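Engineer: So here's query.json, just JSON, C-alpha atoms:
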```
[["chain", "number", "residue", "atom", "x", "y", "z"],
["C", 236, "MET", "CA", 0.00, 0.00, 0.00],
["C", 237, "LEU", "CA", 1.26, 3.42, -0.96],
["C", 238, "SER", "CA", 1.39, 5.79, 1.99],
["C", 239, "CYS", "CA", 2.96, 9.11, 2.88],
["C", 240, "ALA", "CA", 5.65, 7.26, 4.95],
["C", 241, "ASN", "CA", 6.59, 5.00, 2.05],
["C", 242, "VAL", "CA", 6.81, 8.00, -0.34],
["C", 243, "ALA", "CA", 9.04, 9.90, 2.13],
["C", 244, "THR", "CA", 11.34, 6.86, 2.56],
["C", 245, "ALA", "CA", 11.64, 6.42, -1.20],
["C", 246, "MET", "CA", 12.34, 10.12, -1.77],
["C", 247, "ALA", "CA", 15.13, 10.08, 0.85],
["C", 248, "ARG", "CA", 17.17, 7.77, -1.36],
["C", 249, "PHE", "CA", 17.41, 10.38, -4.13],
["C", 250, "PRO", "CA", 19.74, 13.41, -4.17],
["C", 251, "LEU", "CA", 18.52, 16.71, -2.75],
["C", 252, "ASN", "CA", 18.41, 18.43, -6.15],
["C", 253, "PHE", "CA", 16.15, 15.73, -7.55],
["C", 254, "ARG", "CA", 13.79, 15.99, -4.60],
["C", 255, "LEU", "CA", 13.44, 19.79, -5.03],
["C", 256, "LEU", "CA", 12.70, 19.32, -8.73],
["C", 257, "VAL", "CA", 9.90, 16.84, -7.94],
["C", 258, "LEU", "CA", 8.33, 19.22, -5.41],
["C", 259, "CYS", "CA", 8.33, 22.09, -7.92],
["C", 260, "LEU", "CA", 6.70, 19.94, -10.58],
["C", 261, "ALA", "CA", 4.05, 18.80, -8.08],
["C", 262, "ALA", "CA", 3.24, 22.40, -7.10],
["C", 263, "CYS", "CA", 2.70, 23.34, -10.72],
["C", 264, "THR", "CA", 0.61, 20.34, -11.74],
["C", 265, "ILE", "CA", -1.64, 19.68, -8.69],
["C", 266, "PRO", "CA", -4.84, 21.82, -8.94],
["C", 267, "GLN", "CA", -5.06, 24.51, -6.29],
["C", 268, "ALA", "CA", -8.24, 25.29, -4.32],
["C", 269, "ARG", "CA", -10.05, 28.20, -5.94],
["C", 270, "ALA", "CA", -11.12, 31.09, -3.79],
["C", 271, "ALA", "CA", -14.85, 31.58, -3.25],
["C", 272, "CYS", "CA", -16.59, 33.94, -5.65],
["C", 273, "THR", "CA", -17.57, 37.13, -3.83],
["C", 274, "ASN", "CA", -17.77, 40.80, -4.72],
["C", 275, "MET", "CA", -14.18, 41.07, -3.39],
["C", 276, "THR", "CA", -12.82, 38.27, -5.60],
["C", 277, "CYS", "CA", -14.71, 38.76, -8.86],
["C", 278, "SER", "CA", -11.67, 37.78, -10.91],
["C", 279, "GLN", "CA", -11.93, 34.24, -9.44],
["C", 280, "CYS", "CA", -15.54, 33.77, -10.60],
["C", 281, "THR", "CA", -16.78, 31.56, -13.37],
["C", 282, "GLU", "CA", -19.14, 33.00, -15.97],
["C", 283, "THR", "CA", -22.24, 31.74, -14.12],
["C", 284, "GLU", "CA", -20.99, 32.91, -10.73],
["C", 285, "CYS", "CA", -20.12, 36.34, -12.10],
["C", 286, "SER", "CA", -23.67, 36.92, -13.41],
["C", 287, "ARG", "CA", -25.23, 35.82, -10.11],
["C", 288, "THR", "CA", -22.91, 37.46, -7.59],
["C", 289, "SER", "CA", -23.98, 40.84, -6.25],
["C", 290, "GLY", "CA", -21.17, 43.36, -6.73],
["C", 291, "CYS", "CA", -19.69, 41.65, -9.81],
["C", 292, "ARG", "CA", -20.37, 42.36, -13.46],
["C", 293, "ASP", "CA", -19.46, 40.47, -16.62],
["C", 294, "ASP", "CA", -18.05, 42.98, -19.12],
["C", 295, "SER", "CA", -16.95, 40.40, -21.68],
["C", 296, "ALA", "CA", -18.03, 41.21, -25.22],
["C", 297, "LYS", "CA", -18.11, 37.64, -26.55],
["C", 298, "ASP", "CA", -16.00, 34.87, -24.97],
["C", 299, "TYR", "CA", -15.89, 34.93, -21.18],
["C", 300, "ASP", "CA", -12.60, 35.64, -19.45],
["C", 301, "ALA", "CA", -12.14, 35.78, -15.68],
["C", 302, "ARG", "CA", -10.45, 39.16, -16.13],
["C", 303, "SER", "CA", -13.68, 40.55, -17.61],
["C", 304, "CYS", "CA", -15.56, 39.88, -14.34],
["C", 305, "LEU", "CA", -15.13, 43.22, -12.62],
["C", 306, "ALA", "CA", -16.01, 44.33, -9.11],
["C", 307, "CYS", "CA", -18.46, 47.22, -9.16],
["C", 308, "GLY", "CA", -19.73, 47.27, -5.56],
["C", 309, "ASP", "CA", -23.32, 48.40, -4.87],
["C", 310, "GLY", "CA", -23.26, 50.56, -7.99],
["C", 311, "CYS", "CA", -23.58, 47.63, -10.35],
["C", 312, "SER", "CA", -25.99, 48.17, -13.19],
["C", 313, "PRO", "CA", -27.50, 45.24, -15.10],
["C", 314, "VAL", "CA", -26.13, 44.36, -18.49],
["C", 315, "GLU", "CA", -28.06, 46.14, -21.24],
["C", 316, "GLY", "CA", -31.15, 44.16, -22.22],
["C", 317, "GLU", "CA", -31.13, 42.09, -19.02],
["C", 318, "THR", "CA", -32.75, 42.54, -15.60],
["C", 319, "MET", "CA", -30.87, 41.02, -12.71],
["C", 320, "LEU", "CA", -32.12, 40.94, -9.13],
["C", 321, "VAL", "CA", -29.89, 38.84, -6.92],
["C", 322, "LEU", "CA", -31.02, 38.27, -3.33],
["C", 323, "ASP", "CA", -28.52, 37.58, -0.58],
["C", 324, "PRO", "CA", -30.14, 36.97, 2.85],
["C", 325, "GLU", "CA", -26.79, 37.25, 4.59],
["C", 326, "GLN", "CA", -26.44, 40.90, 3.59],
["C", 327, "GLY", "CA", -29.90, 41.87, 4.87],
["C", 328, "CYS", "CA", -31.01, 45.43, 4.14],
["C", 329, "SER", "CA", -27.53, 46.51, 3.06],
["C", 330, "THR", "CA", -28.13, 45.76, -0.64],
["C", 331, "GLN", "CA", -30.57, 47.50, -2.94],
["C", 332, "ALA", "CA", -31.89, 44.23, -4.36],
["C", 333, "ASN", "CA", -32.87, 42.93, -0.91],
["C", 334, "VAL", "CA", -34.59, 46.19, 0.03],
["C", 335, "ILE", "CA", -36.61, 46.35, -3.20],
["C", 336, "ALA", "CA", -37.67, 42.70, -2.94],
["C", 337, "ALA", "CA", -38.60, 43.08, 0.75],
["C", 338, "LEU", "CA", -40.74, 46.15, 0.11],
["C", 339, "LEU", "CA", -42.52, 44.61, -2.88],
["C", 340, "LEU", "CA", -43.21, 41.28, -1.17],
["C", 341, "GLY", "CA", -44.41, 43.06, 1.97],
["C", 342, "ALA", "CA", -46.75, 45.30, -0.03],
["C", 343, "PHE", "CA", -48.08, 42.32, -1.99],
["C", 344, "GLY", "CA", -48.76, 40.44, 1.23],
["C", 345, "GLY", "CA", -50.34, 43.55, 2.75],
["C", 346, "ILE", "CA", -52.92, 43.73, -0.04],
["C", 347, "PHE", "CA", -54.01, 40.15, 0.65],
["C", 348, "ALA", "CA", -53.95, 40.55, 4.43],
["C", 349, "GLY", "CA", -55.76, 43.91, 4.34],
["C", 350, "VAL", "CA", -58.85, 42.72, 2.49],
["C", 351, "LEU", "CA", -60.32, 41.10, 5.64],
["C", 352, "PRO", "CA", -60.21, 44.16, 7.94],
["C", 353, "CYS", "CA", -61.24, 46.37, 5.02],
["C", 354, "CYS", "CA", -64.47, 44.42, 4.43],
["C", 355, "MET", "CA", -65.24, 44.13, 8.14],
["C", 356, "LEU", "CA", -64.75, 47.85, 8.76],
["C", 357, "CYS", "CA", -66.79, 48.74, 5.69],
["C", 358, "ASN", "CA", -69.66, 46.54, 6.88],
["C", 359, "ARG", "CA", -69.53, 48.07, 10.38],
["C", 360, "THR", "CA", -69.50, 51.62, 9.02],
["C", 361, "ARG", "CA", -72.51, 50.84, 6.83],
["C", 362, "SER", "CA", -74.42, 49.41, 9.81],
["C", 363, "ASN", "CA", -73.65, 52.49, 11.90],
["C", 364, "ARG", "CA", -74.91, 54.78, 9.13],
["C", 365, "LEU", "CA", -78.14, 52.82, 8.78],
["C", 366, "LYS", "CA", -78.70, 52.97, 12.54],
["C", 367, "HIS", "CA", -78.25, 56.72, 12.38],
["C", 368, "MET", "CA", -80.75, 56.99, 9.51],
["C", 369, "LEU", "CA", -83.35, 55.12, 11.57],
["C", 370, "SER", "CA", -82.74, 56.85, 14.91],
["C", 371, "ALA", "CA", -81.74, 60.41, 13.99],
["C", 372, "PRO", "CA", -84.07, 63.27, 15.08],
["C", 373, "PRO", "CA", -86.53, 64.78, 12.54],
["C", 374, "GLY", "CA", -84.26, 67.78, 12.14],
["C", 375, "GLU", "CA", -81.67, 65.54, 10.43],
["C", 376, "VAL", "CA", -83.64, 62.67, 8.90],
["C", 377, "LYS", "CA", -87.28, 62.65, 7.85],
["C", 378, "ARG", "CA", -89.58, 59.78, 6.96],
["C", 379, "THR", "CA", -92.31, 59.59, 4.37],
["C", 380, "GLN", "CA", -94.21, 57.11, 2.22],
["C", 381, "ALA", "CA", -92.94, 56.27, -1.24],
["C", 382, "VAL", "CA", -94.71, 54.58, -4.13],
["C", 383, "LEU", "CA", -93.18, 51.36, -5.40],
["C", 384, "LYS", "CA", -93.22, 51.99, -9.15],
["C", 385, "ARG", "CA", -91.49, 48.80, -10.23],
["C", 386, "LYS", "CA", -89.66, 45.81, -8.78],
["C", 387, "PHE", "CA", -87.25, 43.71, -10.78],
["C", 388, "ILE", "CA", -84.24, 41.38, -10.54],
["C", 389, "THR", "CA", -81.00, 41.84, -12.45],
["C", 390, "THR", "CA", -78.53, 39.03, -13.08],
["C", 391, "SER", "CA", -74.83, 39.15, -13.83],
["C", 392, "GLY", "CA", -73.32, 35.77, -14.46],
["C", 393, "GLU", "CA", -74.82, 32.44, -13.51],
["C", 394, "ASN", "CA", -74.98, 32.79, -9.71],
["C", 395, "SER", "CA", -75.13, 36.55, -9.16],
["C", 396, "SER", "CA", -78.41, 38.49, -8.96],
["C", 397, "ALA", "CA", -79.74, 41.65, -7.31],
["C", 398, "CYS", "CA", -83.25, 42.71, -6.27],
["C", 399, "LEU", "CA", -84.17, 46.34, -6.97],
["C", 400, "PHE", "CA", -87.04, 48.70, -6.24],
["C", 401, "ASP", "CA", -87.94, 51.75, -8.32],
["C", 402, "VAL", "CA", -89.53, 54.17, -5.83],
["C", 403, "GLU", "CA", -90.83, 57.73, -5.95],
["C", 404, "PHE", "CA", -91.68, 60.09, -3.09],
["C", 405, "GLN", "CA", -92.09, 63.75, -2.22],
["C", 406, "ALA", "CA", -89.53, 65.44, 0.04],
["C", 407, "LEU", "CA", -90.14, 68.67, 1.91],
["C", 408, "ARG", "CA", -87.19, 71.02, 2.23],
["C", 409, "GLN", "CA", -86.49, 73.62, 4.88],
["C", 410, "ASP", "CA", -87.76, 76.42, 2.65],
["C", 411, "GLY", "CA", -91.15, 74.70, 2.40],
["C", 412, "LYS", "CA", -90.79, 73.58, -1.23],
["C", 413, "LEU", "CA", -91.67, 70.08, -2.37],
["C", 414, "TYR", "CA", -89.39, 67.98, -4.53],
["C", 415, "ILE", "CA", -90.06, 64.75, -6.37],
["C", 416, "VAL", "CA", -87.42, 62.09, -5.69],
["C", 417, "SER", "CA", -87.25, 58.94, -7.80],
["C", 418, "GLY", "CA", -84.59, 56.30, -8.00],
["C", 419, "SER", "CA", -83.60, 52.65, -7.85],
["C", 420, "MET", "CA", -82.50, 50.95, -4.65],
["C", 421, "THR", "CA", -81.03, 47.50, -4.10],
["C", 422, "VAL", "CA", -82.97, 45.57, -1.46],
["C", 423, "MET", "CA", -82.68, 42.19, 0.23],
["C", 424, "SER", "CA", -84.66, 39.29, -1.19],
["C", 425, "LEU", "CA", -86.77, 39.14, 1.99],
["C", 426, "VAL", "CA", -87.89, 42.76, 1.52],
["C", 427, "TYR", "CA", -88.37, 42.17, -2.20],
["C", 428, "ASP", "CA", -91.02, 39.53, -1.46],
["C", 429, "MET", "CA", -92.83, 41.72, 1.08],
["C", 430, "TYR", "CA", -94.08, 44.38, -1.36],
["C", 431, "GLN", "CA", -95.93, 44.43, -4.66],
["C", 432, "GLU", "CA", -95.79, 47.10, -7.34],
["C", 433, "GLY", "CA", -97.93, 50.13, -6.45],
["C", 434, "ALA", "CA", -97.59, 49.55, -2.69],
["C", 435, "GLN", "CA", -96.60, 52.21, -0.16],
["C", 436, "VAL", "CA", -93.03, 51.83, 1.13],
["C", 437, "GLU", "CA", -91.64, 53.83, 4.05],
["C", 438, "VAL", "CA", -88.39, 55.66, 3.30],
["C", 439, "ALA", "CA", -86.06, 57.80, 5.41],
["C", 440, "TYR", "CA", -84.12, 60.61, 3.76],
["C", 441, "VAL", "CA", -81.57, 63.18, 4.89],
["C", 442, "TYR", "CA", -83.21, 66.57, 5.38],
["C", 443, "ASN", "CA", -82.36, 68.91, 2.48],
["C", 444, "GLN", "CA", -80.34, 66.09, 0.87],
["C", 445, "GLU", "CA", -83.16, 63.89, -0.34],
["C", 446, "SER", "CA", -80.97, 61.96, -2.80],
["C", 447, "GLU", "CA", -79.60, 60.11, 0.25],
["C", 448, "PHE", "CA", -82.44, 57.88, 1.34],
["C", 449, "VAL", "CA", -83.00, 54.32, 2.51],
["C", 450, "ILE", "CA", -85.97, 52.00, 2.56],
["C", 451, "VAL", "CA", -86.74, 51.59, 6.26],
["C", 452, "GLU", "CA", -87.61, 47.90, 6.17],
["C", 453, "ASP", "CA", -84.52, 47.06, 4.16],
["C", 454, "ALA", "CA", -82.28, 49.08, 6.50],
["C", 455, "LYS", "CA", -83.61, 47.15, 9.51],
["C", 456, "CYS", "CA", -82.68, 43.86, 7.84],
["C", 457, "LEU", "CA", -79.21, 45.05, 6.79],
["C", 458, "ILE", "CA", -78.31, 46.19, 10.32],
["C", 459, "ASN", "CA", -78.69, 42.63, 11.62],
["C", 460, "THR", "CA", -76.90, 41.04, 8.64],
["C", 461, "GLY", "CA", -73.16, 40.46, 8.76],
["C", 462, "LEU", "CA", -70.75, 39.19, 6.14],
["C", 463, "PRO", "CA", -71.54, 35.73, 4.72],
["C", 464, "LYS", "CA", -69.60, 32.95, 6.40],
["C", 465, "VAL", "CA", -68.22, 31.70, 3.09],
["C", 466, "LEU", "CA", -66.87, 35.16, 2.34],
["C", 467, "VAL", "CA", -65.32, 35.43, 5.82],
["C", 468, "CYS", "CA", -63.55, 32.08, 5.35],
["C", 469, "ALA", "CA", -62.21, 33.18, 1.97],
["C", 470, "LEU", "CA", -61.00, 36.50, 3.39],
["C", 471, "CYS", "CA", -59.27, 34.71, 6.29],
["C", 472, "THR", "CA", -57.47, 32.50, 3.77],
["C", 473, "PHE", "CA", -56.31, 35.57, 1.84],
["C", 474, "ALA", "CA", -55.13, 37.17, 5.10],
["C", 475, "MET", "CA", -53.04, 34.11, 6.03],
["C", 476, "ILE", "CA", -51.49, 34.01, 2.56],
["C", 477, "GLY", "CA", -50.60, 37.69, 2.82],
["C", 478, "ILE", "CA", -49.03, 37.36, 6.27],
["C", 479, "ALA", "CA", -47.07, 34.29, 5.15],
["C", 480, "CYS", "CA", -45.81, 36.20, 2.11],
["C", 481, "GLY", "CA", -44.64, 39.11, 4.26],
["C", 482, "LEU", "CA", -42.91, 36.92, 6.85],
["C", 483, "GLY", "CA", -41.44, 34.59, 4.24],
["C", 484, "SER", "CA", -39.75, 37.49, 2.51],
["C", 485, "ILE", "CA", -37.54, 37.93, 5.59],
["C", 486, "ALA", "CA", -36.07, 34.49, 4.99],
["C", 487, "ALA", "CA", -35.55, 35.27, 1.30],
["C", 488, "THR", "CA", -34.01, 38.71, 1.74],
["C", 489, "GLY", "CA", -32.90, 38.92, 5.37],
["C", 490, "CYS", "CA", -34.47, 42.41, 5.44],
["C", 491, "PHE", "CA", -37.09, 43.35, 8.04],
["C", 492, "LEU", "CA", -38.50, 46.16, 5.87],
["C", 493, "SER", "CA", -41.07, 43.70, 4.50],
["C", 494, "ILE", "CA", -42.85, 43.79, 7.87],
["C", 495, "LEU", "CA", -43.06, 47.59, 7.76],
["C", 496, "SER", "CA", -44.33, 47.47, 4.18],
["C", 497, "LEU", "CA", -46.89, 44.81, 5.13],
["C", 498, "ALA", "CA", -48.17, 46.82, 8.12],
["C", 499, "PHE", "CA", -48.36, 50.04, 6.11],
["C", 500, "VAL", "CA", -50.43, 48.53, 3.28],
["C", 501, "VAL", "CA", -52.75, 46.72, 5.73],
["C", 502, "GLY", "CA", -53.33, 50.01, 7.55],
["C", 503, "LEU", "CA", -53.92, 51.84, 4.27],
["C", 504, "VAL", "CA", -56.44, 49.29, 2.99],
["C", 505, "SER", "CA", -58.20, 49.16, 6.37],
["C", 506, "ALA", "CA", -58.46, 52.95, 6.46],
["C", 507, "TRP", "CA", -60.05, 52.89, 3.02],
["C", 508, "GLY", "CA", -62.67, 50.42, 4.25],
["C", 509, "HIS", "CA", -63.44, 52.52, 7.33],
["C", 510, "PHE", "CA", -63.51, 56.03, 5.86],
["C", 511, "LEU", "CA", -64.10, 55.74, 2.10],
["C", 512, "CYS", "CA", -65.91, 52.49, 1.32],
["C", 513, "VAL", "CA", -69.40, 53.64, 2.41],
["C", 514, "LYS", "CA", -68.88, 57.10, 0.93],
["C", 515, "VAL", "CA", -68.10, 55.57, -2.44],
["C", 516, "GLN", "CA", -71.20, 53.37, -2.20],
["C", 517, "ARG", "CA", -73.35, 56.41, -1.40],
["C", 518, "CYS", "CA", -71.92, 58.32, -4.35],
["C", 519, "LEU", "CA", -72.66, 55.43, -6.69],
["C", 520, "ALA", "CA", -76.20, 55.12, -5.32],
["C", 521, "LYS", "CA", -76.85, 58.81, -6.03],
["C", 522, "THR", "CA", -76.20, 58.28, -9.74],
["C", 523, "SER", "CA", -79.53, 56.43, -10.07],
["C", 524, "VAL", "CA", -81.55, 59.06, -8.14],
["C", 525, "THR", "CA", -83.19, 62.13, -9.67],
["C", 526, "VAL", "CA", -84.54, 65.11, -7.71],
["C", 527, "SER", "CA", -86.82, 67.65, -9.38],
["C", 528, "PRO", "CA", -89.13, 70.40, -8.06],
["C", 529, "ALA", "CA", -92.77, 69.37, -7.75],
["C", 530, "ALA", "CA", -95.16, 71.12, -10.11],
["C", 531, "ALA", "CA", -97.61, 73.57, -8.60],
["C", 532, "GLY", "CA", -100.64, 71.67, -7.33],
["C", 533, "GLN", "CA", -99.09, 68.28, -8.10],
["C", 534, "VAL", "CA", -100.65, 65.50, -6.01],
["C", 535, "TYR", "CA", -98.30, 62.91, -4.54],
["C", 536, "GLY", "CA", -98.35, 59.69, -6.53],
["C", 537, "ALA", "CA", -100.22, 61.20, -9.50],
["C", 538, "GLN", "CA", -99.24, 59.90, -12.90]]
```
Represent the structure of the file as structure tokens.

Structural biologist:
Amino acid sequence: MLSCANVATAMARFPLNFRLLVLCLAACTIPQARAACTNMTCSQCTETECSRTSGCRDDSAKDYDARSCLACGDGCSPVEGETMLVLDPEQGCSTQANVIAALLLGAFGGIFAGVLPCCMLCNRTRSNRLKHMLSAPPGEVKRTQAVLKRKFITTSGENSSACLFDVEFQALRQDGKLYIVSGSMTVMSLVYDMYQEGAQVEVAYVYNQESEFVIVEDAKCLINTGLPKVLVCALCTFAMIGIACGLGSIAATGCFLSILSLAFVVGLVSAWGHFLCVKVQRCLAKTSVTVSPAAAGQVYGAQ
């Protein structure tokens, strides 16, 4: 068996000059360990390593040469025509690529996670507004009887439908003038079955802003109706996916900024649901309402 001891014993039999010559030849022929490819040793990188290492850039025009892999620090710009985003968790938030990826992943996760609180806050704000419409003093909200002109159902898709009432009523303003208000309102299916065309329907409208009105019976039903359980389950699933995306980006980038981005977007989406969601719904509802002065001597409900 060939061992280091046997080789040393055999080499001792030869002259010193011969032994030095053998050692020199061995040093030149035995492959040496190559240094790891980093942004400090770009000249030691292979072509693949050079294109993937942050802080190194391949400037070769055609055939790759290790000397064409240059160190460019954090100021590296991608090769023209290519987009390169290299993530290095060990460097954390110290590299631009990690920061950009962390912010984008956190924002993406925040959109998913923010849908649940947005819908819940929007539903709560709507319920509070309906309660105010039903309990506000006569100086703010007035009630009157409206005529149900038409009732119909609209469908969009195979499983989506909406019940609507076309109503018309007279509203008295502070100056004593009467105005005719007519418009379409979406109602629950239970309320839809309660009334027939031509029936009297009680409505509550904001004093001097008659385009904002609700059907009293429908408002009572909506106050006690929450989000469907199927929808809540779906929103919870989206929220978990969003949170997992935000937390998982820390492992991919090593940068904690994804958590800040996630929290910011969740707060932004939640604020929209609390402050703007119902206002947008009210603005859209007004588009189907017309208000016109009543003609002199016009009788309510006359054709």

Engineer: Can you measure atom CA of C:Thr379 to atom CA of C:Ala439 for me? One decimal in Å is fine.

Structural biologist: 6.6 Å

Engineer: Pick out the residues sitting within 9 Å of C:Pro324, and hand them over as a PyMOL selection string; count all atoms listed in the file, and ignore anything fewer than 5 positions along from it in its own chain.

Structural biologist: chain C and resi 333+485-490

Engineer: So the first atom is atom CA of C:Leu425 and the second is atom CA of C:Lys455; what is the distance between them in Å, to one decimal place?

Structural biologist: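 Computed distance, atom CA of C:Leu425 to atom CA of C:Lys455, equals 11.4 Å.
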
Engineer: What's the separation between atom CA of C:Cys357 and atom CA of C:Cys471, in Å to one decimal place?

Structural biologist: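 Calculated distance between atom CA of C:Cys357 and atom CA of C:Cys471 is 15.9 Å.
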
Engineer: Considering all atoms listed in the file, can you say which of C:Met429, C:Leu365, C:Cys277, C:Ala381 comes closest to C:Thr460?

Structural biologist: C:Leu365

Engineer: Write out as an MDAnalysis selection string each polymer residue whose atoms come within 8 Å of C:Arg287, counting only C-alpha atoms; drop sequence neighbours fewer than 3 positions from it.

Structural biologist: chainID C and resid 283:284 321

Engineer: When you count all atoms listed in the file, which of these residues is closest to C:Gln279: C:Arg302, C:Arg408, C:Arg385, C:Arg364?

Structural biologist: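 Smallest distance to C:Gln279 is found for C:Arg302.
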
Engineer: Between C:Val402, C:Pro463, C:Lys386, C:Cys285, which has the minimum distance to C:Asp428 (counting all atoms listed in the file)?

Structural biologist: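 The closest residue to C:Asp428 is C:Lys386.
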
Engineer: Please determine, counting all atoms listed in the file, which residue among C:Tyr414, C:Tyr427, C:Phe510, C:Tyr440 has the shortest atom-to-atom distance to C:Ala371.

Structural biologist: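 Comparing C:Tyr414, C:Tyr427, C:Phe510, C:Tyr440 against C:Ala371, the winner is C:Tyr440.
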
Engineer: Have a look at C:Leu305, C:Asn358, C:Asp293, C:Gly327 and name the one nearest to C:Gly461; count only C-alpha atoms.

Structural biologist: C:Asn358

Engineer: Do a neighbour search on C:Ala498 at 12 Å with all atoms listed in the file, toss out local chain neighbours closer than 3 positions, and write the hits as an NGL selection string.

Structural biologist: :C and (338 or 340-349 or 477-478 or 481-482 or 491-495 or 501-505)

Engineer: So that I can check the surroundings of C:Thr522, please list as a list in words every protein, DNA and RNA residue that reaches within 12 Å of it, counting all atoms listed in the file and ignoring chain neighbours fewer than 3 positions away.

Structural biologist: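 Near neighbours after the sequence-gap exclusion: Ser417, Gly418, Ser419, Met420, Ser446, Glu447, Val515, Gln516, Arg517, Cys518, Leu519, Thr525 and Val526 of chain C.
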
Engineer: Of the residues C:Gln380, C:Ser370, C:Thr276, C:Thr330, which is the one nearest to C:Val436, using all atoms listed in the file?

Structural biologist: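 Ranked by minimum distance to C:Val436, first place goes to C:Gln380.
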
Engineer: Counting all atoms listed in the file, I want the residues whose atoms come within 12 Å of (-79.6, 39.4, -8.8) in the file frame, returned as a list in words.

Structural biologist: Lys386, Phe387, Ile388, Thr389, Thr390, Ser391, Gly392, Glu393, Asn394, Ser395, Ser396, Ala397, Cys398, Leu399, Thr421, Val422, Met423, Ser424 and Tyr427 of chain C
